[in-house]
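Colleague: Got a structure for you, final39.cif, holding mmCIF, C-alpha atoms.
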```cif
data_query
loop_
_atom_site.label_atom_id
_atom_site.label_comp_id
_atom_site.auth_asym_id
_atom_site.auth_seq_id
_atom_site.Cartn_x
_atom_site.Cartn_y
_atom_site.Cartn_z
CA LEU A 1 38.58 -223.40 151.21
CA THR A 2 40.86 -222.49 154.09
CA SER A 3 38.09 -222.92 156.64
CA VAL A 4 36.94 -226.20 155.09
CA SER A 5 40.40 -227.74 155.29
CA LYS A 6 40.55 -226.92 159.01
CA ALA A 7 37.04 -228.13 159.86
CA GLY A 8 38.03 -231.75 160.38
CA HIS A 9 36.06 -233.06 157.40
CA ALA A 10 36.88 -234.31 153.92
CA PRO A 11 36.43 -231.36 151.51
CA LEU A 12 33.96 -232.06 148.71
CA VAL A 13 33.91 -229.31 146.07
CA LEU A 14 31.36 -228.98 143.26
CA ALA A 15 32.00 -226.21 140.71
CA GLN A 16 29.15 -226.16 138.22
CA GLU A 17 29.37 -223.31 135.71
CA PHE A 18 31.73 -221.47 138.06
CA PHE A 19 35.01 -221.29 136.16
CA ASP A 20 33.37 -219.89 133.01
CA ALA A 21 32.45 -216.73 134.94
CA LEU A 22 36.04 -215.89 135.93
CA PRO A 23 37.86 -213.10 134.04
CA VAL A 24 39.97 -214.02 131.03
CA LEU A 25 42.92 -212.40 129.27
CA GLN A 26 42.97 -212.30 125.47
CA PHE A 27 46.01 -212.01 123.22
CA GLN A 28 46.63 -211.71 119.50
CA HIS A 29 49.73 -212.85 117.68
CA SER A 30 51.98 -210.06 116.43
CA SER A 31 53.64 -210.79 113.10
CA LYS A 32 56.01 -207.84 113.62
CA ASP A 33 57.34 -209.34 116.84
CA ALA A 34 57.64 -212.72 115.14
CA GLU A 35 60.04 -211.16 112.63
CA ALA A 36 62.00 -209.35 115.35
CA HIS A 37 62.25 -212.34 117.72
CA PRO A 38 61.90 -215.52 115.63
CA SER A 39 63.43 -217.77 118.32
CA GLU A 40 61.14 -216.56 121.13
CA PRO A 41 57.53 -217.33 120.11
CA VAL A 42 56.08 -216.37 123.51
CA ARG A 43 57.25 -212.78 122.91
CA HIS A 44 54.99 -212.50 119.85
CA TRP A 45 51.77 -211.95 121.78
CA ARG A 46 50.01 -208.63 122.31
CA GLU A 47 47.15 -208.30 124.78
CA ILE A 48 43.70 -207.35 123.49
CA LEU A 49 42.41 -204.47 125.58
CA VAL A 50 39.23 -202.42 125.84
CA SER A 51 39.56 -198.80 124.77
CA VAL A 52 37.25 -195.84 124.26
CA VAL A 53 36.61 -194.50 120.76
CA PRO A 54 34.97 -191.23 119.68
CA GLU A 55 31.19 -191.46 119.57
CA ALA A 56 31.11 -190.52 115.89
CA LYS A 57 33.33 -193.45 114.92
CA ALA A 58 31.60 -196.12 116.99
CA GLU A 59 29.27 -198.43 115.12
CA ARG A 60 27.37 -201.19 116.73
CA THR A 61 28.26 -204.64 115.38
CA ASP A 62 25.40 -207.11 115.56
CA GLN A 63 26.61 -210.63 116.38
CA SER A 64 24.43 -213.68 116.67
CA SER A 65 27.34 -216.02 117.31
CA PRO A 66 28.58 -216.50 120.88
CA SER A 67 32.20 -216.46 119.70
CA VAL A 68 34.29 -213.59 118.35
CA SER A 69 36.31 -214.07 115.20
CA VAL A 70 40.01 -213.22 115.03
CA THR A 71 39.33 -210.10 112.99
CA ASP A 72 36.41 -208.96 115.15
CA ALA A 73 38.50 -209.35 118.31
CA ALA A 74 40.83 -206.55 117.25
CA THR A 75 38.27 -204.22 115.67
CA GLU A 76 34.93 -204.87 117.37
CA THR A 77 33.11 -201.67 118.30
CA ALA A 78 29.72 -201.18 119.88
CA HIS A 79 27.48 -198.29 120.84
CA VAL A 80 26.58 -198.45 124.49
CA SER A 81 22.80 -198.27 124.66
CA LYS A 82 21.50 -194.82 125.63
CA GLN A 83 18.92 -196.40 127.88
CA ASP A 84 21.66 -197.80 130.10
CA GLU A 85 22.28 -195.37 132.94
CA ASP A 86 26.00 -196.12 133.13
CA ALA A 87 26.59 -195.80 129.38
CA VAL A 88 29.41 -193.42 128.49
CA GLY A 89 30.87 -193.13 124.99
CA SER A 90 31.71 -196.18 122.89
CA LEU A 91 34.08 -199.08 123.45
CA GLN A 92 36.22 -201.19 121.17
CA MET A 93 38.66 -204.10 121.41
CA THR A 94 42.21 -202.94 120.62
CA GLN A 95 45.52 -204.75 120.37
CA ALA A 96 48.11 -203.32 122.78
CA PRO A 97 51.01 -201.64 120.95
CA ALA A 98 53.59 -203.33 123.21
CA ARG A 99 53.91 -206.03 125.82
CA THR A 100 51.80 -205.51 128.95
CA LEU A 101 52.08 -206.87 132.49
CA SER A 102 49.67 -209.65 131.51
CA ASN A 103 52.30 -211.10 129.16
CA ILE A 104 54.12 -212.47 132.21
CA TYR A 105 51.44 -215.16 132.49
CA LEU A 106 52.51 -216.57 129.13
CA GLU A 107 55.94 -217.29 130.62
CA ASP A 108 54.33 -219.49 133.28
CA ALA A 109 54.65 -223.24 132.94
CA VAL A 110 50.86 -223.62 132.86
CA PHE A 111 50.30 -221.38 129.83
CA LYS A 112 53.65 -221.34 128.03
CA PRO A 113 53.21 -224.60 126.06
CA ALA A 114 49.88 -223.45 124.61
CA ALA A 115 51.28 -219.99 123.82
CA GLU A 116 54.27 -221.49 122.00
CA ARG A 117 52.13 -223.95 120.01
CA ALA A 118 49.68 -221.27 118.92
CA ALA A 119 52.47 -218.86 117.99
CA GLU A 120 54.39 -221.45 115.99
CA SER A 121 51.21 -222.55 114.25
CA SER A 122 50.43 -218.95 113.36
CA ILE A 123 53.90 -218.39 111.93
CA SER A 124 53.65 -221.56 109.83
CA SER A 125 50.18 -220.77 108.51
CA GLN A 126 51.16 -217.23 107.54
CA ALA A 127 54.30 -218.22 105.65
CA GLY A 128 53.97 -216.84 102.15
CA ARG A 129 50.46 -215.46 102.61
CA THR A 130 48.41 -212.92 104.52
CA GLY A 131 45.82 -214.24 106.91
CA ASP A 132 44.22 -213.83 110.29
CA GLU A 133 46.67 -213.81 113.15
CA ALA A 134 46.34 -216.40 115.91
CA VAL A 135 44.64 -215.61 119.18
CA LEU A 136 44.95 -216.91 122.71
CA GLU A 137 42.59 -216.76 125.68
CA ILE A 138 43.73 -217.69 129.20
CA CYS A 139 42.25 -217.50 132.68
CA PRO A 140 44.93 -217.15 135.38
CA GLU A 141 42.30 -216.85 138.10
CA ALA A 142 40.84 -220.24 137.15
CA VAL A 143 44.27 -221.82 137.44
CA MET A 144 44.94 -220.22 140.82
CA THR A 145 41.50 -221.28 142.07
CA MET A 146 42.08 -224.85 140.92
CA MET A 147 45.43 -224.84 142.72
CA ARG A 148 43.72 -223.77 145.94
CA VAL A 149 41.10 -226.51 145.52
CA ALA A 150 43.77 -229.15 144.84
CA GLU A 151 45.88 -228.01 147.81
CA CYS A 152 42.83 -228.09 150.09
CA ILE A 153 42.19 -231.71 149.06
CA ARG A 154 45.84 -232.70 149.17
CA SER A 155 46.45 -231.37 152.65
CA SER A 156 43.35 -232.94 154.19
CA PRO A 157 44.05 -236.05 156.29
CA PHE A 158 40.47 -237.16 155.62
CA GLY A 159 40.67 -237.31 151.83
CA GLY A 160 38.43 -235.25 149.58
CA ALA A 161 37.37 -234.66 145.99
CA ALA A 162 36.24 -232.02 143.52
CA VAL A 163 34.08 -232.11 140.40
CA VAL A 164 34.11 -229.33 137.79
CA ILE A 165 31.24 -229.14 135.29
CA ASP A 166 31.42 -226.45 132.63
CA TYR A 167 31.31 -225.82 128.91
CA SER A 168 34.45 -225.97 126.87
CA SER A 169 35.78 -226.16 123.34
CA ASP A 170 38.40 -228.43 121.81
CA ALA A 171 39.94 -225.27 120.35
CA ALA A 172 40.62 -223.72 123.78
CA PRO A 173 42.71 -221.77 124.53
CA ALA A 174 43.48 -220.85 120.87
CA ARG A 175 40.07 -219.22 120.43
CA LEU A 176 38.40 -216.07 121.72
CA SER A 177 35.29 -217.40 123.38
CA ALA A 178 34.26 -214.56 125.73
CA ARG A 179 30.69 -213.56 125.01
CA ALA A 180 27.94 -211.47 126.56
CA ILE A 181 24.47 -212.78 127.37
CA ARG A 182 21.61 -210.50 128.31
CA ASN A 183 17.97 -211.46 128.72
CA HIS A 184 18.89 -214.99 127.58
CA LYS A 185 20.25 -213.73 124.24
CA PHE A 186 23.77 -213.22 122.91
CA GLU A 187 24.82 -209.67 122.21
CA PRO A 188 28.06 -207.88 121.23
CA LEU A 189 30.62 -208.26 123.98
CA LEU A 190 30.85 -204.52 124.67
CA ALA A 191 27.22 -203.57 124.08
CA SER A 192 26.09 -203.38 127.71
CA PRO A 193 29.10 -203.30 130.03
CA GLY A 194 28.14 -204.18 133.58
CA LEU A 195 24.61 -205.20 132.59
CA ALA A 196 25.20 -208.46 130.72
CA ASP A 197 26.59 -211.79 131.88
CA VAL A 198 30.05 -212.40 130.42
CA THR A 199 31.28 -215.98 130.15
CA ALA A 200 34.08 -217.85 128.40
CA ASP A 201 34.97 -221.45 127.59
CA VAL A 202 36.92 -223.28 130.29
CA ASP A 203 40.39 -224.58 129.43
CA PHE A 204 40.38 -227.94 131.20
CA ASP A 205 43.97 -228.66 130.15
CA ALA A 206 45.06 -225.63 132.19
CA LEU A 207 43.10 -226.92 135.19
CA LEU A 208 44.83 -230.28 134.84
CA ARG A 209 48.24 -228.60 134.75
CA ALA A 210 47.29 -226.66 137.90
CA VAL A 211 46.67 -229.94 139.74
CA GLU A 212 49.95 -231.38 138.45
CA PHE A 213 51.75 -228.26 139.70
CA VAL A 214 50.32 -228.75 143.21
CA ASN A 215 51.52 -232.36 143.21
CA ALA A 216 54.98 -231.31 142.07
CA GLN A 217 55.20 -228.66 144.79
CA ALA A 218 54.17 -231.17 147.45
CA LEU A 219 56.79 -233.63 146.21
CA ASN A 220 59.48 -230.96 146.33
CA ARG A 221 58.55 -230.04 149.89
CA ARG A 222 58.67 -233.68 150.92
CA GLU A 223 62.12 -234.15 149.38
CA ASP A 224 63.39 -230.80 150.66
CA PRO A 225 61.56 -230.09 153.95
CA ALA A 226 61.65 -226.63 155.46
CA PRO A 227 64.35 -226.08 158.10
CA PRO A 228 63.23 -226.26 161.74
CA PRO A 229 62.54 -222.95 163.50
CA GLU A 230 65.52 -221.23 165.06
CA SER A 231 66.00 -221.20 168.79
CA GLY A 232 63.29 -219.21 170.53
CA GLU A 233 61.09 -219.11 167.42
CA VAL A 234 57.69 -220.79 167.60
CA SER A 235 56.56 -222.87 164.63
CA THR A 236 53.27 -221.78 163.05
CA LEU A 237 52.40 -225.36 162.07
CA SER A 238 49.89 -226.86 164.50
CA GLU A 239 50.06 -230.27 162.83
CA PRO A 240 52.29 -232.00 160.31
CA VAL A 241 51.67 -231.29 156.63
CA VAL A 242 49.90 -234.17 154.88
CA CYS A 243 51.61 -235.01 151.58
CA ASN A 244 48.84 -236.87 149.77
CA GLU A 245 48.81 -236.90 146.01
CA VAL A 246 45.84 -235.35 144.23
CA ILE A 247 44.68 -237.71 141.49
CA PRO A 248 43.17 -236.05 138.37
CA PHE A 249 40.62 -238.02 136.36
CA SER A 250 40.17 -237.76 132.60
CA VAL A 251 37.96 -234.97 131.33
CA VAL A 252 34.80 -236.62 129.99
CA PRO A 253 31.69 -235.32 128.20
CA GLN A 254 28.78 -234.55 130.48
CA ALA A 255 26.71 -237.23 128.71
CA PHE A 256 29.20 -239.97 129.60
CA PHE A 257 29.47 -238.76 133.19
CA LEU A 258 25.69 -238.77 133.69
CA ALA A 259 25.30 -242.14 131.92
CA GLU A 260 27.78 -243.73 134.31
CA LEU A 261 25.94 -242.22 137.25
CA GLY A 262 22.71 -243.89 136.07
CA ILE A 263 20.71 -241.14 134.33
CA ARG A 264 18.98 -243.70 132.08
CA GLU A 265 17.83 -245.74 135.07
CA ARG A 266 16.71 -242.56 136.84
CA PHE A 267 14.79 -241.53 133.74
CA LYS A 268 12.87 -244.80 133.78
CA GLN A 269 12.03 -244.36 137.46
CA LEU A 270 10.70 -240.86 136.90
CA ALA A 271 8.83 -241.89 133.75
CA GLU A 272 6.95 -244.54 135.72
CA LEU A 273 5.72 -241.81 138.04
CA CYS A 274 4.41 -239.63 135.20
CA GLU A 275 0.64 -239.81 134.83
CA THR A 276 0.31 -237.78 131.63
CA GLU A 277 1.87 -237.74 128.21
CA GLU A 278 2.81 -234.10 128.79
CA GLY A 279 4.92 -235.18 131.76
CA ILE A 280 6.72 -237.79 129.69
CA THR A 281 7.32 -235.26 126.90
CA ARG A 282 8.85 -232.81 129.35
CA LEU A 283 11.02 -235.54 130.85
CA GLN A 284 12.23 -236.55 127.38
CA PHE A 285 13.02 -232.91 126.59
CA ASP A 286 15.12 -232.52 129.74
CA TYR A 287 16.93 -235.81 129.13
CA THR A 288 17.75 -234.87 125.54
CA ARG A 289 19.00 -231.44 126.57
CA LEU A 290 21.39 -232.94 129.11
CA MET A 291 22.59 -235.88 127.02
CA SER A 292 22.36 -235.12 123.30
CA PRO A 293 25.61 -234.19 121.48
CA ASP A 294 23.59 -231.44 119.80
CA GLU A 295 22.72 -229.96 123.20
CA MET A 296 24.71 -230.07 126.47
CA GLY A 297 25.90 -233.67 126.16
CA THR A 298 29.29 -232.92 124.61
CA LEU A 299 29.46 -229.13 124.94
CA TYR A 300 29.72 -229.52 128.70
CA LYS A 301 32.72 -231.37 130.12
CA VAL A 302 33.33 -232.86 133.57
CA PHE A 303 36.69 -232.91 135.34
CA GLY A 304 37.30 -234.66 138.64
CA VAL A 305 40.14 -234.75 141.15
CA ALA A 306 40.41 -236.73 144.36
CA SER A 307 42.80 -237.36 147.19
CA ALA A 308 44.80 -240.57 147.11
CA LEU A 309 42.89 -241.42 150.31
CA THR A 310 39.54 -241.24 148.49
CA PRO A 311 38.08 -244.22 146.58
CA ILE A 312 37.91 -244.00 142.80
CA MET A 313 35.19 -241.59 141.67
CA ALA A 314 32.28 -242.81 139.58
CA GLY A 315 31.68 -241.24 136.19
CA PHE A 316 35.28 -241.09 134.95
CA SER A 317 36.02 -244.54 133.57
CA ALA A 318 36.13 -243.25 129.96
CA SER A 319 39.40 -243.79 128.15
CA GLU A 320 40.68 -241.40 125.49
CA ASN A 321 39.64 -243.82 122.75
CA LYS A 322 36.18 -244.52 124.11
CA ARG A 323 33.41 -242.50 122.46
CA PHE A 324 30.02 -242.01 124.03
CA GLN A 325 27.09 -243.03 121.86
CA TYR A 326 23.91 -241.09 122.58
CA LYS A 327 20.77 -243.17 122.87
CA SER A 328 17.21 -242.07 123.37
CA PRO A 329 15.83 -243.28 126.70
CA ASP A 330 13.74 -246.43 126.87
CA LEU A 331 10.22 -245.50 127.86
CA PRO A 332 8.09 -247.56 130.22
CA TYR A 333 5.23 -245.40 128.93
CA HIS A 334 3.40 -246.38 125.73
CA ARG A 335 1.48 -243.72 123.91
CA GLY A 336 -0.82 -246.31 122.40
CA ASP A 337 -2.21 -247.18 125.81
CA SER A 338 -5.65 -245.92 126.60
CA ALA A 339 -6.28 -243.53 129.44
CA GLU A 340 -9.00 -245.97 130.58
CA SER A 341 -6.48 -248.82 131.05
CA GLY A 342 -6.74 -248.49 134.80
CA ASP A 343 -3.29 -246.99 135.51
CA SER A 344 -3.55 -243.63 133.70
CA GLY A 345 -1.81 -245.04 130.65
CA ARG A 346 1.56 -245.18 132.38
CA ARG A 347 2.42 -248.82 131.76
CA ARG A 348 1.06 -251.87 129.95
#
```
The structure in this file should be written as structure tokens.

Modeller:
Amino acid sequence: LTSVSKAGHAPLVLAQEFFDALPVLQFQHSSKDAEAHPSEPVRHWREILVSVVPEAKAERTDQSSPSVSVTDAATETAHVSKQDEDAVGSLQMTQAPARTLSNIYLEDAVFKPAAERAAESSISSQAGRTGDEAVLEICPEAVMTMMRVAECIRSSPFGGAAVVIDYSSDAAPARLSARAIRNHKFEPLLASPGLADVTADVDFDALLRAVEFVNAQALNRREDPAPPPESGEVSTLSEPVVCNEVIPFSVVPQAFFLAELGIRERFKQLAELCETEEGITRLQFDYTRLMSPDEMGTLYKVFGVASALTPIMAGFSASENKRFQYKSPDLPYHRGDSAESGDSGRRR
């Protein structure tokens, strides 16, 4: 990003399924701390860590779901497969007995509101009964990366934009979503450390707050510019700092984003080129997978940001009250047509 901003071009950043691969921190609400510090809800969180347990006590927990429940998050254990060369002992998820260095992130303006809401909700739901304690999952590296992207766009005198496409959940960050995928199948999170892909839902609200933080910093610098260099000292700035605002666009479902970009029209164009029914069937399958709310259509979200110097981006005109209605594509191909119709049955 540093080299791009100095290359004399408008930075255009596309992050597709990038942020979900960044490391996350998981926390569980501590009812004991809630009793000791009732007026400080952020202090109630304890980090969930990975620890080693004796081989005799480790039992593999089969999980078909990509998510981990509140109870499983604190007690999940898994045998590391003996066929894995790097397998040593057994691992489990354990709640830290006290605050860790990671707790400092929950004091940050980006994560503190979510931490307070989840803690207060947990306290309210547990009043007078025993139940699962609340959890929290954050990704500081995603926030810092988004800040670097936003600053790269903001400081460019040529404009710029970024589009983030990734899967997310409305429950984020108050849900433990980290999961392991190996050979295209979900498996227990700790079953094959270092050998499985580990991903987690993206918290788009945190990315939005990262952009807002960059704008606030730029505004503060503009209102309170740095003092000029002292006599004899050479300034390291080769050109004046550009104070453009970075404009965030509403997070929209992938289906809405692709519909606005013309996926239906593109489908029709490609369908006209298909010469077989098998080709049309495959095209329909791909379209449904990208657009259906039961597939990637709503599971995947799209977030865009652009410099104030950049024209409005297509694909983000959805308002909060506008719901996308999935429709099957209109086919120019008619299965009732005969293959002897003279045009391979593609059109009437």

Colleague: List, as a PDB file with C-alpha atoms, keeping the file's coordinate frame, every residue that the PyMOL selection byres ((chain A and resi 98) around 9) selects in the file provided.

Modeller:
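That gives us selection38.pdb:
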```
ATOM      1  CA  TRP A  45      51.770-211.950 121.780  1.00  0.00           C
ATOM      2  CA  ARG A  46      50.010-208.630 122.310  1.00  0.00           C
ATOM      3  CA  GLU A  47      47.150-208.300 124.780  1.00  0.00           C
ATOM      4  CA  GLN A  95      45.520-204.750 120.370  1.00  0.00           C
ATOM      5  CA  ALA A  96      48.110-203.320 122.780  1.00  0.00           C
ATOM      6  CA  PRO A  97      51.010-201.640 120.950  1.00  0.00           C
ATOM      7  CA  ARG A  99      53.910-206.030 125.820  1.00  0.00           C
ATOM      8  CA  THR A 100      51.800-205.510 128.950  1.00  0.00           C
TER       9      THR A 100
END
```

Colleague: Choose the residue, out of A:Val214, A:Gly297, A:Asp286, A:Glu116, that has the smallest atom-to-atom separation from Ser155 of chain A; count only C-alpha atoms.

Modeller: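 When distances to Ser155 of chain A are compared using only C-alpha atoms, the smallest one comes from A:Val214.
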
Colleague: Measuring atom to atom with only C-alpha atoms, identify which of A:Met93, A:Leu283, A:Ala174, A:Val202 is nearest to Glu120 of chain A.

Modeller: A:Ala174

Colleague: Might you pull out every residue within 7 Å of segment 8-24 of chain A, with all atoms listed in the file counted and same-chain residues fewer than 2 positions away left off, and present them as a PDB file with C-alpha atoms, in the coordinates of the input?

Modeller:
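The file below, out39.pdb, is the result:
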```
ATOM      1  CA  VAL A   4      36.940-226.200 155.090  1.00  0.00           C
ATOM      2  CA  SER A   5      40.400-227.740 155.290  1.00  0.00           C
ATOM      3  CA  LYS A   6      40.550-226.920 159.010  1.00  0.00           C
ATOM      4  CA  GLN A  26      42.970-212.300 125.470  1.00  0.00           C
ATOM      5  CA  GLU A 137      42.590-216.760 125.680  1.00  0.00           C
ATOM      6  CA  ILE A 138      43.730-217.690 129.200  1.00  0.00           C
ATOM      7  CA  CYS A 139      42.250-217.500 132.680  1.00  0.00           C
ATOM      8  CA  GLU A 141      42.300-216.850 138.100  1.00  0.00           C
ATOM      9  CA  ALA A 142      40.840-220.240 137.150  1.00  0.00           C
ATOM     10  CA  ILE A 153      42.190-231.710 149.060  1.00  0.00           C
ATOM     11  CA  SER A 156      43.350-232.940 154.190  1.00  0.00           C
ATOM     12  CA  PHE A 158      40.470-237.160 155.620  1.00  0.00           C
ATOM     13  CA  GLY A 159      40.670-237.310 151.830  1.00  0.00           C
ATOM     14  CA  GLY A 160      38.430-235.250 149.580  1.00  0.00           C
ATOM     15  CA  ALA A 161      37.370-234.660 145.990  1.00  0.00           C
ATOM     16  CA  ALA A 162      36.240-232.020 143.520  1.00  0.00           C
ATOM     17  CA  VAL A 163      34.080-232.110 140.400  1.00  0.00           C
ATOM     18  CA  VAL A 164      34.110-229.330 137.790  1.00  0.00           C
ATOM     19  CA  ILE A 165      31.240-229.140 135.290  1.00  0.00           C
ATOM     20  CA  ASP A 166      31.420-226.450 132.630  1.00  0.00           C
ATOM     21  CA  VAL A 198      30.050-212.400 130.420  1.00  0.00           C
ATOM     22  CA  THR A 199      31.280-215.980 130.150  1.00  0.00           C
ATOM     23  CA  ALA A 200      34.080-217.850 128.400  1.00  0.00           C
ATOM     24  CA  ASP A 201      34.970-221.450 127.590  1.00  0.00           C
ATOM     25  CA  VAL A 202      36.920-223.280 130.290  1.00  0.00           C
TER      26      VAL A 202
END
```

Colleague: I need the residue nearest Leu309 of chain A from this list: A:Gln284, A:Ser102, A:Asn244, A:Ser292. Use only C-alpha atoms for the distance.

Modeller: A:Asn244

Colleague: Smallest atom-to-atom distance to Asn183 of chain A: which of A:Asp197, A:Ser250, A:Arg266, A:Ala171, using only C-alpha atoms?

Modeller: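 Closest residue, counting only C-alpha atoms: A:Asp197.
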
Colleague: Mind pulling up the distance from atom CA of Pro253 of chain A to atom CA of Val302 of chain A?

Modeller: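 Straight-line distance from atom CA of Val302 of chain A to atom CA of Pro253 of chain A works out to 6.1 Å.
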
Colleague: Would you list the residues near (48.5, -224.4, 141.5) (no more than 12 Å away, in the coordinates of the file, using all atoms listed in the file) as a count of residues only?

Modeller: 31

Colleague: In Å, how far is it from atom CA of Phe285 of chain A to atom CA of Phe256 of chain A?

Modeller: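 Separation of atom CA of Phe285 of chain A and atom CA of Phe256 of chain A: 17.9 Å.
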
Colleague: In Å to one decimal, how far is atom CA of Ile263 of chain A from atom CA of Ser307 of chain A?

Modeller: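 Computing the Euclidean distance for atom CA of Ser307 of chain A and atom CA of Ile263 of chain A yields 25.8 Å.
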
Colleague: Considering all atoms listed in the file, state which residue in the set A:Ala114, A:Leu25, A:Leu189, A:Ile312 is at the smallest distance from Leu101 of chain A.

Modeller: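 Of A:Ala114, A:Leu25, A:Leu189, A:Ile312, the one nearest Leu101 of chain A is A:Leu25, counting all atoms listed in the file.
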
Colleague: Nearest to Glu265 of chain A among A:Gly304, A:Glu245, A:Tyr287, A:Glu133, with distances taken over all atoms listed in the file: which residue is it?

Modeller: A:Tyr287
